[in-house]
$ cat model12.txt   # compact mmCIF, C-alpha atoms
# COMPACT_ATOMS: atom_id res chain seq x y z
CA MET A 7 0.00 0.00 0.00
CA THR A 8 1.28 3.43 -0.89
CA ASN A 9 0.42 6.15 1.53
CA HIS A 10 -1.62 8.81 -0.22
CA VAL A 11 -2.15 11.81 1.99
CA PHE A 12 -4.77 14.45 1.37
CA GLN A 13 -3.82 18.06 2.05
CA HIS A 14 -6.57 19.95 3.81
CA GLY A 15 -7.57 23.61 3.75
CA ASN A 16 -10.58 25.89 3.97
CA VAL A 17 -11.91 28.56 1.61
CA GLY A 18 -14.97 30.67 2.44
CA GLY A 19 -16.58 28.01 4.61
CA ILE A 20 -15.82 25.10 2.25
CA ARG A 21 -13.36 22.47 3.43
CA ILE A 22 -10.87 21.64 0.68
CA HIS A 23 -9.08 18.26 0.40
CA VAL A 24 -6.50 17.78 -2.34
CA LEU A 25 -4.43 14.74 -3.24
CA PRO A 26 -1.75 15.80 -5.75
CA THR A 27 -0.83 12.73 -7.82
CA LYS A 28 0.17 11.79 -11.36
CA THR A 29 -1.16 8.24 -10.94
CA PHE A 30 -4.44 8.88 -12.78
CA LYS A 31 -5.15 10.23 -16.26
CA THR A 32 -8.16 12.14 -14.95
CA TYR A 33 -9.10 14.63 -12.28
CA ALA A 34 -11.61 13.25 -9.80
CA ILE A 35 -13.69 16.02 -8.22
CA SER A 36 -16.20 15.33 -5.47
CA LEU A 37 -18.34 17.78 -3.56
CA TYR A 38 -20.16 16.53 -0.46
CA ALA A 39 -22.97 18.61 1.05
CA GLY A 40 -24.31 17.30 4.37
CA LEU A 41 -27.30 18.29 6.50
CA PRO A 42 -28.79 16.60 9.59
CA LEU A 43 -31.57 14.18 8.57
CA ALA A 44 -34.88 15.81 9.48
CA GLU A 45 -38.51 15.09 8.64
CA GLU A 46 -39.26 18.56 7.24
CA THR A 47 -36.15 18.92 5.05
CA VAL A 48 -35.35 15.36 3.89
CA THR A 49 -37.67 15.32 0.84
CA PRO A 50 -36.96 18.79 -0.62
CA THR A 51 -33.22 18.31 0.01
CA ALA A 52 -33.29 15.01 -1.90
CA LEU A 53 -35.06 16.68 -4.83
CA ILE A 54 -32.57 19.58 -5.13
CA PRO A 55 -29.75 17.78 -7.03
CA PHE A 56 -32.27 16.26 -9.49
CA VAL A 57 -33.40 19.77 -10.43
CA LEU A 58 -29.87 21.24 -10.42
CA ARG A 59 -28.71 18.68 -12.99
CA ARG A 60 -31.37 19.87 -15.48
CA GLY A 61 -29.82 23.22 -16.32
CA THR A 62 -27.86 26.29 -15.21
CA ALA A 63 -27.96 30.00 -16.05
CA SER A 64 -25.52 29.50 -18.98
CA TYR A 65 -26.88 26.10 -20.03
CA PRO A 66 -30.62 26.39 -19.27
CA GLU A 67 -31.70 23.49 -21.47
CA THR A 68 -30.80 19.95 -20.38
CA THR A 69 -29.39 19.26 -23.89
CA GLN A 70 -27.06 22.29 -23.59
CA PHE A 71 -26.00 21.10 -20.13
CA ARG A 72 -25.05 17.69 -21.58
CA GLU A 73 -23.35 19.22 -24.64
CA ARG A 74 -21.16 21.29 -22.33
CA LEU A 75 -19.91 18.08 -20.68
CA GLU A 76 -19.14 16.68 -24.15
CA GLU A 77 -17.13 19.83 -24.95
CA LEU A 78 -15.04 19.08 -21.84
CA TYR A 79 -13.83 15.93 -23.64
CA GLY A 80 -16.72 13.84 -22.36
CA ALA A 81 -16.40 14.79 -18.70
CA GLY A 82 -18.50 12.66 -16.35
CA PHE A 83 -20.99 14.32 -14.04
CA GLY A 84 -23.26 12.60 -11.54
CA PHE A 85 -24.61 12.73 -8.02
CA ASP A 86 -25.76 10.49 -5.17
CA VAL A 87 -28.07 11.06 -2.22
CA TYR A 88 -27.48 8.86 0.82
CA LYS A 89 -27.28 8.89 4.59
CA ARG A 90 -24.31 8.38 6.89
CA GLY A 91 -25.27 8.20 10.52
CA ASP A 92 -27.93 10.86 11.14
CA TYR A 93 -26.83 13.02 8.19
CA GLN A 94 -28.28 13.26 4.70
CA ILE A 95 -25.43 13.66 2.21
CA ILE A 96 -25.57 14.84 -1.39
CA GLN A 97 -22.42 14.05 -3.35
CA PHE A 98 -21.71 15.60 -6.75
CA ARG A 99 -18.98 13.96 -8.82
CA MET A 100 -17.01 15.11 -11.84
CA ASP A 101 -14.47 13.12 -13.72
CA THR A 102 -12.38 15.10 -16.24
CA ILE A 103 -9.41 14.12 -18.35
CA ASN A 104 -6.06 15.61 -17.33
CA ASP A 105 -5.02 18.59 -19.50
CA SER A 106 -1.71 17.00 -20.46
CA PHE A 107 -3.52 14.23 -22.40
CA VAL A 108 -5.51 16.51 -24.72
CA GLN A 109 -4.88 19.56 -26.88
CA SER A 110 -7.09 21.99 -25.00
CA LYS A 111 -6.90 25.78 -25.10
CA GLU A 112 -8.38 26.07 -21.61
CA SER A 113 -7.50 24.29 -18.38
CA LEU A 114 -9.97 21.42 -18.13
CA LEU A 115 -9.70 21.46 -14.35
CA GLY A 116 -10.62 25.15 -14.37
CA GLU A 117 -13.49 24.57 -16.79
CA SER A 118 -14.78 21.70 -14.64
CA PHE A 119 -14.76 23.94 -11.59
CA ALA A 120 -16.60 26.63 -13.53
CA PHE A 121 -19.22 24.04 -14.52
CA LEU A 122 -19.64 22.53 -11.04
CA GLY A 123 -19.70 25.96 -9.40
CA GLU A 124 -22.46 27.05 -11.76
CA VAL A 125 -24.49 23.86 -11.22
CA LEU A 126 -24.36 24.55 -7.51
CA THR A 127 -24.81 28.31 -7.31
CA GLN A 128 -26.50 29.44 -10.56
CA PRO A 129 -29.36 27.11 -11.44
CA VAL A 130 -31.70 28.12 -14.25
CA LEU A 131 -34.58 30.18 -12.81
CA GLU A 132 -37.85 31.57 -14.14
CA GLY A 133 -39.56 34.38 -12.30
CA GLY A 134 -37.06 34.11 -9.45
CA SER A 135 -37.71 30.47 -8.63
CA PHE A 136 -36.99 27.02 -10.09
CA LYS A 137 -38.34 26.16 -13.52
CA ALA A 138 -41.78 24.59 -12.98
CA SER A 139 -41.40 21.96 -15.73
CA TYR A 140 -38.10 20.73 -14.26
CA VAL A 141 -39.51 20.55 -10.73
CA GLY A 142 -42.57 18.64 -12.00
CA THR A 143 -40.52 16.09 -13.95
CA GLU A 144 -37.94 15.52 -11.25
CA ARG A 145 -40.59 15.16 -8.55
CA GLU A 146 -41.85 12.21 -10.58
CA THR A 147 -38.28 10.86 -10.92
CA VAL A 148 -37.91 10.80 -7.13
CA ARG A 149 -41.41 9.35 -6.69
CA LYS A 150 -40.55 6.49 -9.07
CA LYS A 151 -37.30 5.79 -7.21
CA LEU A 152 -39.19 5.58 -3.91
CA GLU A 153 -41.86 3.36 -5.49
CA ALA A 154 -39.15 1.09 -6.89
CA ILE A 155 -38.06 0.35 -3.29
CA VAL A 156 -41.58 -0.84 -2.40
CA ASN A 157 -41.60 -3.05 -5.50
CA ASP A 158 -38.20 -4.57 -4.66
CA LYS A 159 -39.16 -6.59 -1.60
CA ILE A 160 -35.55 -7.24 -0.51
CA ARG A 161 -34.82 -3.51 -0.35
CA TYR A 162 -38.25 -2.78 1.09
CA ALA A 163 -37.77 -5.22 3.99
CA ALA A 164 -34.30 -3.78 4.71
CA GLU A 165 -35.69 -0.22 4.83
CA ARG A 166 -38.70 -1.23 6.94
CA CYS A 167 -36.50 -3.00 9.48
CA ILE A 168 -34.46 0.22 9.91
CA GLU A 169 -37.66 2.31 10.12
CA GLU A 170 -39.03 0.13 12.90
CA MET A 171 -35.77 -0.11 14.80
CA CYS A 172 -35.02 3.63 14.59
CA ARG A 173 -38.62 4.86 14.78
CA GLU A 174 -37.64 7.53 17.35
CA GLU A 175 -34.49 8.61 15.47
CA PRO A 176 -33.79 10.63 12.30
CA TYR A 177 -32.05 7.54 10.86
CA ARG A 178 -35.50 6.02 10.15
CA LEU A 179 -35.83 8.44 7.21
CA HIS A 180 -34.91 7.32 3.71
CA PRO A 181 -32.34 9.70 2.14
CA LEU A 182 -34.62 10.21 -0.90
CA GLY A 183 -37.38 11.43 1.39
CA GLN A 184 -41.05 10.51 1.69
CA ARG A 185 -43.51 10.06 -1.16
CA ALA A 186 -46.29 11.75 0.82
CA ASP A 187 -44.28 15.01 0.97
CA LEU A 188 -43.56 15.31 -2.77
CA ASP A 189 -46.87 16.82 -3.93
CA ALA A 190 -46.62 19.80 -1.61
CA ILE A 191 -43.26 20.88 -3.08
CA THR A 192 -43.63 23.85 -5.45
CA PRO A 193 -40.96 25.54 -7.62
CA ASP A 194 -40.98 28.40 -5.12
CA SER A 195 -40.83 26.31 -1.93
CA LEU A 196 -38.06 24.17 -3.46
CA HIS A 197 -36.06 27.27 -4.36
CA GLN A 198 -36.35 28.46 -0.75
CA SER A 199 -35.23 24.99 0.46
CA TYR A 200 -32.30 25.17 -1.97
CA LEU A 201 -31.16 28.57 -0.67
CA SER A 202 -31.21 27.43 2.96
CA TRP A 203 -29.51 24.14 1.98
CA LEU A 204 -26.74 26.07 0.20
CA GLU A 205 -26.31 28.32 3.23
CA GLY A 206 -26.52 25.57 5.86
CA ALA A 207 -24.92 22.44 4.43
CA ILE A 208 -21.48 21.29 5.53
CA LEU A 209 -19.38 21.37 2.33
CA ASP A 210 -16.34 19.23 1.58
CA LEU A 211 -14.65 19.55 -1.80
CA TYR A 212 -12.21 16.86 -2.95
CA VAL A 213 -9.79 16.82 -5.87
CA VAL A 214 -7.49 13.94 -6.79
CA GLY A 215 -5.11 14.49 -9.71
CA ASP A 216 -2.18 16.44 -11.07
CA THR A 217 -2.83 19.71 -9.24
CA THR A 218 -1.96 21.56 -6.02
CA PRO A 219 -3.97 22.81 -3.03
CA GLU A 220 -3.06 26.38 -4.07
CA GLU A 221 -4.54 25.91 -7.55
CA VAL A 222 -7.71 24.32 -6.16
CA GLU A 223 -8.19 27.10 -3.59
CA LYS A 224 -7.93 29.75 -6.33
CA LEU A 225 -10.49 27.87 -8.46
CA VAL A 226 -12.90 27.61 -5.54
CA GLU A 227 -12.60 31.34 -4.83
CA ARG A 228 -13.26 32.11 -8.50
CA HIS A 229 -16.13 29.71 -9.21
CA PHE A 230 -17.95 29.03 -5.94
CA GLY A 231 -19.10 32.54 -5.06
CA PHE A 232 -20.97 31.84 -1.85
CA GLY A 233 -20.19 35.04 -0.03
CA GLY A 234 -19.47 34.56 3.65
CA ARG A 235 -20.94 31.17 4.58
CA THR A 236 -21.50 30.89 8.29
CA ALA A 237 -22.48 27.21 8.31
CA SER A 238 -20.98 24.87 10.85
CA SER A 239 -17.98 23.59 8.99
CA GLN A 240 -17.84 20.16 10.56
CA TYR A 241 -19.92 17.14 11.40
CA GLN A 242 -20.97 16.63 15.00
CA SER A 243 -21.04 13.09 16.28
CA ARG A 244 -24.57 12.59 17.62
CA PHE A 245 -23.94 9.01 18.64
CA SER A 246 -25.10 7.75 22.00
CA PRO A 247 -25.20 3.98 22.56
CA LYS A 248 -28.67 2.58 23.19
CA THR A 249 -29.44 -0.25 25.57
CA VAL A 250 -32.04 -2.71 24.31
CA THR A 251 -34.53 -3.67 27.02
CA GLU A 252 -36.59 -6.04 24.89
CA VAL A 253 -36.44 -7.37 21.35
CA ARG A 254 -39.33 -6.06 19.24
CA THR A 255 -40.93 -8.28 16.63
CA VAL A 256 -42.77 -6.66 13.74
CA GLU A 257 -44.70 -8.66 11.16
CA GLU A 258 -46.01 -7.12 7.95
CA ARG A 259 -48.20 -8.81 5.34
CA MET A 260 -47.95 -8.26 1.60
CA ASP A 261 -48.46 -10.28 -1.51
CA VAL A 262 -45.09 -12.08 -1.40
CA GLY A 263 -44.24 -15.69 -2.21
CA GLN A 264 -41.03 -15.66 -0.20
CA GLY A 265 -40.69 -14.35 3.35
CA LYS A 266 -38.13 -11.63 4.10
CA LEU A 267 -36.64 -11.96 7.58
CA ASN A 268 -34.55 -8.97 8.67
CA MET A 269 -32.99 -8.24 12.04
CA GLY A 270 -31.65 -5.00 13.46
CA LEU A 271 -28.71 -5.06 15.87
CA ARG A 272 -27.17 -2.26 17.90
CA THR A 273 -23.54 -1.93 18.90
CA SER A 274 -21.65 0.73 20.85
CA VAL A 275 -18.69 0.47 18.44
CA THR A 276 -18.61 3.14 15.71
CA TYR A 277 -16.12 4.37 13.11
CA ARG A 278 -14.55 6.68 15.71
CA ASP A 279 -13.62 3.80 18.02
CA ASP A 280 -10.28 2.09 18.24
CA ALA A 281 -12.25 -1.17 18.18
CA TYR A 282 -13.75 -0.34 14.75
CA ALA A 283 -11.48 -2.92 13.06
CA HIS A 284 -12.86 -5.60 15.41
CA ALA A 285 -16.45 -4.61 14.53
CA LEU A 286 -15.55 -4.93 10.82
CA MET A 287 -14.20 -8.40 11.56
CA TYR A 288 -17.35 -9.23 13.53
CA ASN A 289 -19.59 -8.28 10.60
CA GLY A 290 -17.38 -10.13 8.12
CA ILE A 291 -17.45 -13.36 10.13
CA LEU A 292 -21.16 -13.07 10.93
CA GLY A 293 -22.55 -12.34 7.49
CA GLY A 294 -20.43 -10.01 5.36
CA TYR A 295 -18.97 -12.61 2.95
CA PRO A 296 -19.74 -15.99 1.31
CA HIS A 297 -17.70 -17.85 3.98
CA SER A 298 -19.63 -16.19 6.84
CA LYS A 299 -21.60 -18.01 9.55
CA LEU A 300 -24.99 -16.86 8.28
CA PHE A 301 -24.28 -17.90 4.72
CA VAL A 302 -22.78 -21.28 5.62
CA ASN A 303 -25.14 -22.29 8.44
CA VAL A 304 -28.47 -20.73 7.52
CA ARG A 305 -28.25 -21.04 3.75
CA GLU A 306 -26.00 -23.98 2.99
CA LYS A 307 -26.15 -26.43 5.90
CA GLU A 308 -29.81 -25.98 6.86
CA SER A 309 -31.09 -24.81 3.42
CA LEU A 310 -33.32 -22.38 5.32
CA ALA A 311 -32.62 -19.25 3.30
CA TYR A 312 -32.24 -18.17 -0.32
CA TYR A 313 -29.84 -15.50 0.87
CA ALA A 314 -28.51 -14.53 4.29
CA SER A 315 -26.02 -11.75 5.00
CA SER A 316 -25.24 -8.86 7.34
CA ARG A 317 -24.24 -5.22 6.97
CA TYR A 318 -22.70 -2.78 9.42
CA ASP A 319 -23.06 1.02 9.45
CA GLY A 320 -20.06 2.22 11.39
CA HIS A 321 -21.33 5.81 11.49
CA LYS A 322 -24.57 4.79 13.20
CA GLY A 323 -23.42 1.83 15.31
CA ILE A 324 -25.97 -0.60 13.90
CA ALA A 325 -25.79 -3.84 11.96
CA THR A 326 -28.59 -5.50 10.01
CA ILE A 327 -29.19 -9.07 8.93
CA GLN A 328 -31.14 -9.75 5.76
CA SER A 329 -32.46 -13.15 4.67
CA GLY A 330 -35.06 -14.60 2.33
CA ILE A 331 -36.89 -17.70 3.58
CA GLU A 332 -39.88 -19.95 2.96
CA ILE A 333 -42.67 -18.43 5.05
CA GLU A 334 -43.26 -21.64 7.04
CA ASN A 335 -39.57 -21.74 8.09
CA TYR A 336 -39.81 -18.49 10.07
CA GLY A 337 -39.39 -20.02 13.56
CA LYS A 338 -36.50 -22.26 12.53
CA ALA A 339 -34.72 -19.43 10.71
CA VAL A 340 -35.00 -17.05 13.69
CA ASP A 341 -33.58 -19.75 15.98
CA ILE A 342 -30.62 -20.57 13.80
CA ILE A 343 -29.76 -16.89 13.15
CA ARG A 344 -29.90 -16.23 16.90
CA LYS A 345 -27.66 -19.22 17.38
CA GLN A 346 -25.03 -17.61 15.10
CA LEU A 347 -25.20 -14.43 17.20
CA ASP A 348 -24.63 -16.54 20.33
CA GLU A 349 -21.70 -18.37 18.74
CA MET A 350 -20.07 -14.98 18.09
CA LYS A 351 -20.62 -13.92 21.72
CA LYS A 352 -19.08 -17.20 22.92
CA GLY A 353 -16.04 -16.53 20.77
CA ASN A 354 -16.57 -19.71 18.71
CA ILE A 355 -14.58 -18.37 15.79
CA SER A 356 -12.19 -20.53 13.81
CA ASP A 357 -8.77 -19.53 12.46
CA LEU A 358 -10.15 -20.19 8.99
CA GLU A 359 -12.99 -17.70 9.55
CA LEU A 360 -10.53 -15.12 10.89
CA ASN A 361 -8.07 -15.56 8.02
CA GLN A 362 -10.67 -15.58 5.25
CA THR A 363 -12.30 -12.45 6.65
CA LYS A 364 -8.95 -10.66 6.93
CA ALA A 365 -8.20 -11.55 3.31
CA MET A 366 -11.56 -10.12 2.14
CA ILE A 367 -11.12 -6.87 4.08
CA ARG A 368 -7.51 -6.60 2.87
CA ASN A 369 -8.66 -6.87 -0.75
CA LEU A 370 -11.27 -4.16 -0.26
CA LEU A 371 -8.74 -1.83 1.36
CA LEU A 372 -6.18 -2.47 -1.39
CA GLU A 373 -8.78 -1.74 -4.08
CA ILE A 374 -9.23 1.74 -2.59
CA GLN A 375 -5.77 2.63 -3.95
CA ASP A 376 -6.85 1.88 -7.52
CA SER A 377 -9.71 4.35 -7.56
CA ALA A 378 -9.55 8.09 -6.95
CA PHE A 379 -13.21 8.16 -5.89
CA GLU A 380 -12.67 5.30 -3.42
CA MET A 381 -9.77 7.22 -1.86
CA ILE A 382 -12.03 10.24 -1.60
CA ALA A 383 -14.81 8.20 0.03
CA PHE A 384 -12.35 6.76 2.56
CA ASP A 385 -11.06 10.20 3.54
CA PHE A 386 -14.61 11.57 3.75
CA ASN A 387 -15.40 8.92 6.42
CA ARG A 388 -12.70 10.64 8.40
CA GLN A 389 -14.31 14.06 8.01
CA LEU A 390 -17.66 12.61 9.05
CA SER A 391 -16.39 10.81 12.11
CA GLY A 392 -13.60 13.11 13.26
CA LYS A 393 -11.36 10.02 13.41
CA ASP A 394 -8.01 10.17 11.67
CA ARG A 395 -7.15 6.66 10.49
CA SER A 396 -5.41 5.72 7.25
CA ALA A 397 -6.30 2.63 5.22
CA GLU A 398 -2.86 1.26 6.20
CA GLU A 399 -3.57 1.68 9.93
CA LEU A 400 -6.99 0.09 9.56
CA MET A 401 -5.43 -2.82 7.70
CA SER A 402 -2.84 -3.45 10.39
CA GLN A 403 -5.55 -3.30 13.09
CA VAL A 404 -7.59 -5.85 11.13
CA GLU A 405 -4.53 -8.08 10.66
CA ALA A 406 -3.83 -7.98 14.41
CA SER A 407 -7.40 -8.99 15.36
CA GLY A 408 -7.83 -12.33 17.11
CA ALA A 409 -10.89 -14.32 18.18
CA GLU A 410 -10.85 -12.57 21.57
CA ASP A 411 -11.06 -9.12 19.93
CA VAL A 412 -14.00 -10.23 17.78
CA LYS A 413 -15.69 -11.72 20.86
CA ARG A 414 -15.28 -8.35 22.62
CA ALA A 415 -16.99 -6.66 19.66
CA ALA A 416 -19.72 -9.35 19.81
CA ASP A 417 -20.30 -8.53 23.49
CA THR A 418 -21.37 -4.99 22.50
CA VAL A 419 -23.95 -6.27 19.98
CA GLN A 420 -27.62 -6.46 21.04
CA LEU A 421 -30.51 -7.78 18.96
CA ASP A 422 -33.07 -4.96 18.85
CA THR A 423 -35.70 -5.70 16.19
CA ILE A 424 -36.94 -8.72 14.25
CA TYR A 425 -38.87 -7.70 11.13
CA PHE A 426 -40.72 -10.28 9.04
CA LEU A 427 -42.38 -9.55 5.70
CA THR A 428 -44.77 -12.41 5.12
CA GLY A 429 -47.56 -13.40 2.70
CA GLN A 430 -51.27 -12.62 2.97
CA LYS A 431 -53.18 -14.94 5.30
CA GLU A 432 -54.94 -17.83 3.59
CA GLU A 433 -58.69 -17.19 3.56

$ encode --input "model12.txt" --output "structure tokens"
Amino acid sequence: MTNHVFQHGNVGGIRIHVLPTKTFKTYAISLYAGLPLAEETVTPTALIPFVLRRGTASYPETTQFRERLEELYGAGFGFDVYKRGDYQIIQFRMDTINDSFVQSKESLLGESFAFLGEVLTQPVLEGGSFKASYVGTERETVRKKLEAIVNDKIRYAAERCIEEMCREEPYRLHPLGQRADLDAITPDSLHQSYLSWLEGAILDLYVVGDTTPEEVEKLVERHFGFGGRTASSQYQSRFSPKTVTEVRTVEERMDVGQGKLNMGLRTSVTYRDDAYAHALMYNGILGGYPHSKLFVNVREKESLAYYASSRYDGHKGIATIQSGIEIENYGKAVDIIRKQLDEMKKGNISDLELNQTKAMIRNLLLEIQDSAFEMIAFDFNRQLSGKDRSAEELMSQVEASGAEDVKRAADTVQLDTIYFLTGQKEE
């Protein structure tokens, strides 16, 4: 592993992170805008980037917007909306070829900044608010994305399990918002939401490529004219460990042929903790990979599940188990999954499980070095959590983990919610 170190700065309330390198033929540019997840802002905030990508003051028509990217030698532009812990994050990405590989009169990095800055700060307006036709179309885009989750029962069960487990917490909200709130959003109300989002979001701008922090800071000053932003410039950790007093079981009926059994677990170990590597190992051995206990015992040995795996959100301190089962096998499946959780707490972990899991995590950490956007995502975890830990350090902590360390992580894990999506009752 080579040690790539981002250089950090701040311009006008935007945190700047630059990794000067000649490794890649492109510039990778990423802008993260984060706001606390909240019922009243989650839906309009999710809609904002969909409308911003339709047009800007200089490129008001969506075709002109796309043609401009073609003129920048086919630059890539995209965005994502997701949640990390109790924050809703919008990430804009640009991917532009390095100037030295093309005969270009203008600096492509500069032109990309001009484009991204305009997308963000100069959207196309009519009568002082967002263009009604764009808002109408993109509202439907978001509605269809939310409907697609309901139609995909695996995703639906995963979301519903989180909603039930975190019903008192902002984390219950889906980052794309709530269908019921879409109709009330008007071009004017969305424009107001956009202005307060732009003023209030925590902004992190990343560049990986053949440039310098000085050059990037100048480009930000020139193209991101925010005026004096007063927003809080860093993420606050809102984490407080929860003690589970009783396991809640929620059953929901829909027209499904296959049952979806999901479980929500809480742990006190988060990304900030020194024991984070042990929690990663815990998740890997429990259900993160094809050699994991859930996969081998629930799916292969007992043939009780079509799929069985686990995920861990280190920013929120929760893990989830997802499985697909025959409806009549519900009781058996719950028992055998609980048995795997107990095996972890007892420290019944083989050397083979430890070594295979270390190899999988090692591969993932090594792959980060091959992708500029993966390096950016890894460093952004650091900004989110306030924990400074390189991929190399994380790797050596994983390598040093033994069964006792994983057992200690297991001791912090509590089953909180069992969610079962089952078929309609027979009449």

$ closest_atom_pairs --input "model12.txt" --of "stretch 91-164 of chain A" --to "stretch 239-259 of chain A" --cutoff "9 Å" --atoms "only C-alpha atoms" --output "JSON lines"
{"residue": "A:Gly91", "atom": "CA", "partner": "A:Phe245", "partner_atom": "CA", "distance": 8.3}
{"residue": "A:Asp92", "atom": "CA", "partner": "A:Arg244", "partner_atom": "CA", "distance": 7.5}
{"residue": "A:Tyr93", "atom": "CA", "partner": "A:Tyr241", "partner_atom": "CA", "distance": 8.7}

$ residues_around --input "model12.txt" --residues "stretch 25-42 of chain A" --least-positions-apart "3" --cutoff "8 Å" --atoms "all atoms listed in the file" --output "number ranges by chain"
A: 10-13, 92-104, 107, 115, 203, 206-219, 378-379, 382

$ residues_around --input "model12.txt" --residues "stretch 399-410 of chain A" --least-positions-apart "3" --cutoff "9 Å" --atoms "only C-alpha atoms" --output "mmCIF file with C-alpha atoms, in the frame of the given file"
data_model
loop_
_atom_site.group_PDB
_atom_site.id
_atom_site.type_symbol
_atom_site.label_atom_id
_atom_site.label_comp_id
_atom_site.auth_asym_id
_atom_site.auth_seq_id
_atom_site.Cartn_x
_atom_site.Cartn_y
_atom_site.Cartn_z
ATOM 1 C CA ASP A 280 -10.280 2.090 18.240
ATOM 2 C CA ALA A 281 -12.250 -1.170 18.180
ATOM 3 C CA TYR A 282 -13.750 -0.340 14.750
ATOM 4 C CA ALA A 283 -11.480 -2.920 13.060
ATOM 5 C CA HIS A 284 -12.860 -5.600 15.410
ATOM 6 C CA LEU A 286 -15.550 -4.930 10.820
ATOM 7 C CA MET A 287 -14.200 -8.400 11.560
ATOM 8 C CA GLY A 353 -16.040 -16.530 20.770
ATOM 9 C CA ASN A 354 -16.570 -19.710 18.710
ATOM 10 C CA ILE A 355 -14.580 -18.370 15.790
ATOM 11 C CA SER A 356 -12.190 -20.530 13.810
ATOM 12 C CA ASP A 357 -8.770 -19.530 12.460
ATOM 13 C CA LEU A 360 -10.530 -15.120 10.890
ATOM 14 C CA ASN A 361 -8.070 -15.560 8.020
ATOM 15 C CA LYS A 364 -8.950 -10.660 6.930
ATOM 16 C CA ALA A 365 -8.200 -11.550 3.310
ATOM 17 C CA ILE A 367 -11.120 -6.870 4.080
ATOM 18 C CA ARG A 368 -7.510 -6.600 2.870
ATOM 19 C CA LEU A 371 -8.740 -1.830 1.360
ATOM 20 C CA ARG A 395 -7.150 6.660 10.490
ATOM 21 C CA SER A 396 -5.410 5.720 7.250
ATOM 22 C CA LYS A 413 -15.690 -11.720 20.860
ATOM 23 C CA ARG A 414 -15.280 -8.350 22.620
ATOM 24 C CA ALA A 415 -16.990 -6.660 19.660
#

$ atom_distance --input "model12.txt" --atom1 "atom CA of A:Tyr200" --atom2 "atom CA of A:Glu221"
28.3 Å

$ atom_distance --input "model12.txt" --atom1 "atom CA of A:Ser298" --atom2 "atom CA of A:Ala163"
21.4 Å

$ residues_near_point --input "model12.txt" --point "(-14.0, 21.3, -24.0)" --cutoff "8 Å" --atoms "all atoms listed in the file" --output "PyMOL selection string"
chain A and resi 74-79+110+112+114+117

$ residues_around --input "model12.txt" --residues "A:Val130" --least-positions-apart "4" --cutoff "7 Å" --atoms "all atoms listed in the file" --output "PyMOL selection string"
chain A and resi 61-63+66+136-137

$ write_last_selection --input "model12.txt" --atoms "C-alpha atoms" --output "mmCIF file, in the coordinates of the input"
data_model
loop_
_atom_site.group_PDB
_atom_site.id
_atom_site.type_symbol
_atom_site.label_atom_id
_atom_site.label_comp_id
_atom_site.auth_asym_id
_atom_site.auth_seq_id
_atom_site.Cartn_x
_atom_site.Cartn_y
_atom_site.Cartn_z
ATOM 1 C CA GLY A 61 -29.820 23.220 -16.320
ATOM 2 C CA THR A 62 -27.860 26.290 -15.210
ATOM 3 C CA ALA A 63 -27.960 30.000 -16.050
ATOM 4 C CA PRO A 66 -30.620 26.390 -19.270
ATOM 5 C CA PHE A 136 -36.990 27.020 -10.090
ATOM 6 C CA LYS A 137 -38.340 26.160 -13.520
#

$ residues_around --input "model12.txt" --residues "A:Gly337" --least-positions-apart "5" --cutoff "12 Å" --atoms "all atoms listed in the file" --output "PyMOL selection string"
chain A and resi 265+267+310+331-332+342-344+424+426

$ write_last_selection --input "model12.txt" --atoms "C-alpha atoms" --output "compact mmCIF listing (two decimals), in the coordinates of the input"
# COMPACT_ATOMS: atom_id res chain seq x y z
CA GLY A 265 -40.69 -14.35 3.35
CA LEU A 267 -36.64 -11.96 7.58
CA LEU A 310 -33.32 -22.38 5.32
CA ILE A 331 -36.89 -17.70 3.58
CA GLU A 332 -39.88 -19.95 2.96
CA ILE A 342 -30.62 -20.57 13.80
CA ILE A 343 -29.76 -16.89 13.15
CA ARG A 344 -29.90 -16.23 16.90
CA ILE A 424 -36.94 -8.72 14.25
CA PHE A 426 -40.72 -10.28 9.04

$ axis_aligned_box --input "model12.txt" --around "stretch 400-417 of chain A" --padding-each-side "5 Å" --output "AutoDock Vina command-line options"
--center_x -11.6 --center_y -7.1 --center_z 15.6 --size_x 27.5 --size_y 24.4 --size_z 25.8

$ residues_around --input "model12.txt" --residues "A:Leu196" --least-positions-apart "5" --cutoff "10 Å" --atoms "all atoms listed in the file" --output "PyMOL selection string"
chain A and resi 49-51+53-54+57+135-136+141+190-191+201-202

$ closest_residue --input "model12.txt" --among "A:Met260, A:Phe56, A:Ile374, A:Gly134" --to "A:Gln198" --atoms "all atoms listed in the file"
A:Gly134

$ atom_distance --input "model12.txt" --atom1 "atom CA of A:His180" --atom2 "atom CA of A:Lys266"
19.2 Å

$ closest_residue --input "model12.txt" --among "A:Gln264, A:Ser139, A:Thr147, A:Asn289" --to "A:Tyr312" --atoms "only C-alpha atoms"
A:Gln264

$ closest_residue --input "model12.txt" --among "A:Asp422, A:Asp411, A:Glu380, A:Asp279" --to "A:Asp394" --atoms "only C-alpha atoms"
A:Asp279
